[in-house]
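Since the structure comes first, as structure tokens, the remarks are kept for the end.
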Amino acid sequence: MVDKISRQMFILSKLAGSSKGYSAEELHRLLEHEHGIKVSVRSVYRDLDDLSVIFQITEEERQGRIFYILVNKYTLAEIQFDFQELMALMLMVRLMEGLGNDPVMQAGSALAEKIISKMPKFQRQYLESLQPYFRVELPGQGGERTKQLQIFLDAARTGQEVTIRYRAFSSNEVSERVIHPYTVYFRNNYYIVAWCTQRQGVREFRLDRVEEARLETTQFQVRENFDYETYSRGRWDAMTGSGDYHVILRFSSDMARFIREYHGARADKLVDLPDGSLEFHKTVTILDEVYPWILSHGSEVVVLSPPQLKDMVAETIRAMAASL
């Protein structure tokens with residue numbers, strides 16, 4: 001016995017896939033021949049009446065018969081969601097809420113609300129009932145950075161140089177530089193990946209440390225050997241360098257399950273060892289960020305490679321022990 005909802009979903013899918021529509025008699029035959037659903041034609045008419053309350057279903061008379069047509073802009077593919085898609089939509093809404101008041105995020109939230117408004121009432125109510133129990137909390141950016149962000153995006157698109165006044169994190173000093181913006185990415189903050197004419201290399205600039213930005217008329221060409229995917233492959237968090245370090249760590253059997261579940265996505269490769277411990281492999285271009293992460297796991301982790309990282313950890317442990 002097929003329930004009413006499943007039967008109506010089948011009717012909707014058929015109407016959505018046809019620009020000419022179907023008569024109630026045709027839908028009755030399709031239900032029986034394609035799915036073995038045996039109901040009366042009267043039941044199909046009742047289903048069409050029920051569906052027309054939620055969806056824009058029009059009637060068209062041809063050769064003395066009534067055909068039912070689902071209006072194109074309300075087709076099934078545009079408004080119907082399965083459970084996984086509902087969860088993805090809710091994640092989008094919560095993520096954009098957590099990213100603050102940036103106009104791009106506000107536009108994304110408005111777009112998500114448009115999508116939600118076109119959903120069937122029962123799906124919309126279900127989504128709204130889940131929202132209080134699902135949150136994404138991230139530090140956001142204020143709207144005052146929007147004009148600067150637009151400068152860097154325009155510069156990357158048109159190949160124009162940008163002069164910036166930038167406050168460096170390490171020295172807290174402000175310097176003026178001319179940069180060639182290649183791309184912008186968001187990872188809790190906006191970062192501009194650019195060629196720095198002062199340093200003669202690719203550098204990253206955090207947007208909230210840019211005190212001034214001016215779009216110049218002079219043009220630049222992206223370096224032929226620059227590829228963002230290759231460039232970002234060796235990143236641990238936000239920092240990148242010019243090195244090439246193959247980090248190999250061995251986590252204890254007690255820590256192995258935790259590392260696999262919560263940090264496994266960061267690894268290039270995970271290797272289960274016979275004693276239950278776990279080898280963690282990751283190639284990075286700089287050791288500064290992975291180093292404190294390793295220290296946070298104390299005696300549960302052993303550094304196998306590279307030698308520079310082993311020395312950094314050993315030196316820190318000795319210094320800590322000497323201070324006790």
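Ordered as shown in the structure tokens, chains take letters A, B, and onward, while each chain numbers its residues from 1 and ligands are numbered from 1 in the order shown.
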
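Using only C-alpha atoms, the protein and nucleic acid residues lying no more than 12 Å from Glu26 of chain A, apart from those fewer than 4 places from it along its own chain, are Ile11, Lys14, Leu15, Gly21, Tyr22, Leu30, Leu31, Glu32, His33, Glu34, Val41, Val44, Tyr45, Arg65, Ile66, Phe67 and Tyr68 of chain A.
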
Distance query segment 282-298 of chain A at most 9 Å, only C-alpha atoms, self and fewer than 4 positions along chain excluded, as a VMD selection string:
chain A and resid 233 to 249 251 255 266 to 269 302 to 303 308 to 309 312 to 313 316 to 317

Selection export as a CSV table (one decimal), in the first residue's frame, atoms kept: N, CA and C atoms:
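The resulting file, part-v5.csv, is reproduced below:
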chain,number,residue,atom,x,y,z
A,233,ARG,N,48.4,24.2,-1.4
A,233,ARG,CA,48.3,22.8,-1.0
A,233,ARG,C,49.1,22.6,0.3
A,234,GLY,N,50.2,23.3,0.5
A,234,GLY,CA,51.0,23.1,1.7
A,234,GLY,C,50.6,23.9,2.9
A,235,ARG,N,49.4,24.5,2.9
A,235,ARG,CA,49.0,25.4,4.0
A,235,ARG,C,48.4,24.5,5.2
A,236,TRP,N,48.8,24.9,6.4
A,236,TRP,CA,48.2,24.3,7.6
A,236,TRP,C,46.9,25.1,8.0
A,237,ASP,N,47.1,26.4,8.2
A,237,ASP,CA,46.0,27.2,8.5
A,237,ASP,C,46.0,28.4,7.5
A,238,ALA,N,46.5,29.5,7.9
A,238,ALA,CA,46.5,30.7,7.0
A,238,ALA,C,47.9,31.0,6.4
A,239,MET,N,48.9,30.6,7.1
A,239,MET,CA,50.3,31.0,6.8
A,239,MET,C,50.9,30.1,5.7
A,240,THR,N,51.6,30.6,4.8
A,240,THR,CA,52.3,29.9,3.8
A,240,THR,C,53.8,30.3,3.7
A,241,GLY,N,54.7,29.5,3.3
A,241,GLY,CA,56.1,29.8,3.2
A,241,GLY,C,56.7,29.2,1.9
A,242,SER,N,58.0,29.3,1.8
A,242,SER,CA,58.7,28.8,0.6
A,242,SER,C,59.3,27.4,0.8
A,243,GLY,N,59.2,26.8,2.0
A,243,GLY,CA,59.8,25.5,2.3
A,243,GLY,C,59.0,24.4,1.8
A,244,ASP,N,59.5,23.2,2.0
A,244,ASP,CA,58.8,21.9,1.6
A,244,ASP,C,59.1,20.9,2.7
A,245,TYR,N,58.3,20.8,3.7
A,245,TYR,CA,58.5,19.9,4.8
A,245,TYR,C,57.5,18.8,4.8
A,246,HIS,N,58.0,17.6,4.8
A,246,HIS,CA,57.1,16.4,5.0
A,246,HIS,C,57.0,16.0,6.4
A,247,VAL,N,55.9,16.4,7.1
A,247,VAL,CA,55.7,16.2,8.5
A,247,VAL,C,55.2,14.8,8.7
A,248,ILE,N,55.8,14.0,9.6
A,248,ILE,CA,55.3,12.7,9.9
A,248,ILE,C,55.2,12.6,11.4
A,249,LEU,N,54.0,12.4,11.9
A,249,LEU,CA,53.8,12.3,13.4
A,249,LEU,C,53.2,11.0,13.7
A,251,PHE,N,50.8,9.3,16.6
A,251,PHE,CA,50.0,9.5,17.7
A,251,PHE,C,49.7,8.2,18.4
A,255,MET,N,45.1,8.3,21.5
A,255,MET,CA,44.8,9.6,20.8
A,255,MET,C,44.4,9.3,19.3
A,266,ARG,N,42.9,17.1,7.7
A,266,ARG,CA,44.0,17.9,7.5
A,266,ARG,C,45.2,17.1,6.9
A,267,ALA,N,45.2,15.8,7.1
A,267,ALA,CA,46.3,15.0,6.7
A,267,ALA,C,46.3,14.7,5.2
A,268,ASP,N,47.5,14.6,4.6
A,268,ASP,CA,47.6,14.1,3.3
A,268,ASP,C,47.4,12.6,3.3
A,269,LYS,N,47.8,11.9,4.4
A,269,LYS,CA,47.7,10.5,4.5
A,269,LYS,C,47.7,10.1,6.0
A,302,VAL,N,54.6,11.8,18.8
A,302,VAL,CA,56.0,11.8,18.6
A,302,VAL,C,56.3,12.3,17.2
A,303,VAL,N,57.3,13.3,17.1
A,303,VAL,CA,57.6,13.8,15.8
A,303,VAL,C,58.7,12.9,15.1
A,308,GLN,N,64.1,19.4,11.5
A,308,GLN,CA,63.9,20.8,12.1
A,308,GLN,C,62.8,20.8,13.1
A,309,LEU,N,61.7,20.1,12.8
A,309,LEU,CA,60.5,20.1,13.6
A,309,LEU,C,60.8,19.4,14.9
A,312,MET,N,62.7,21.8,17.1
A,312,MET,CA,61.9,22.8,17.6
A,312,MET,C,61.1,22.4,18.9
A,313,VAL,N,60.5,21.2,18.8
A,313,VAL,CA,59.8,20.6,19.8
A,313,VAL,C,60.7,20.3,21.0
A,316,THR,N,61.8,23.4,22.9
A,316,THR,CA,60.7,24.0,23.7
A,316,THR,C,60.5,23.2,25.0
A,317,ILE,N,60.5,21.9,24.9
A,317,ILE,CA,60.3,21.0,26.1
A,317,ILE,C,61.4,21.2,27.1

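Between Arg199 of chain A and the residues A:Glu176, A:Asp254, A:Glu161, A:Asp275, the shortest atom-to-atom distance, using only C-alpha atoms, involves A:Glu176.
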
Considering only C-alpha atoms, give me a table of residues in segment 204-279 of chain A that are at most 8 Å from segment 146-156 of chain A, with the closest atom pair and distance in Å for each, as JSON lines.
{"residue": "A:Leu207", "atom": "CA", "partner": "A:Leu149", "partner_atom": "CA", "distance": 7.5}
{"residue": "A:Glu212", "atom": "CA", "partner": "A:Gln148", "partner_atom": "CA", "distance": 7.9}
{"residue": "A:Ala213", "atom": "CA", "partner": "A:Gln148", "partner_atom": "CA", "distance": 6.4}
{"residue": "A:Arg214", "atom": "CA", "partner": "A:Ile151", "partner_atom": "CA", "distance": 7.5}
{"residue": "A:Leu215", "atom": "CA", "partner": "A:Ile151", "partner_atom": "CA", "distance": 6.4}

Just want the 8 Å neighbourhood of Thr58 of chain A, counted on only C-alpha atoms, with same-chain residues fewer than 4 positions away dropped. Output as a PDB file with C-alpha atoms, in the first residue's frame.
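Writing done, so here's part.pdb:
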ATOM      1  CA  TYR A  68      -2.903  19.514 -15.795  1.00  0.00           C
ATOM      2  CA  ILE A  69       0.327  21.530 -16.149  1.00  0.00           C
ATOM      3  CA  LEU A  70       2.802  22.602 -13.456  1.00  0.00           C
ATOM      4  CA  VAL A  71       3.868  26.224 -14.071  1.00  0.00           C
TER       5      VAL A  71
END

Compare A:Thr197, A:Asn172, A:Ser43, A:Thr230 by their minimum atom-to-atom distance to Gln8 of chain A, counting only C-alpha atoms, and give me the closest one.
A:Ser43

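Rounded to one decimal, atom CA of Ser109 of chain A and atom CA of Val93 of chain A lie 6.1 Å from each other.
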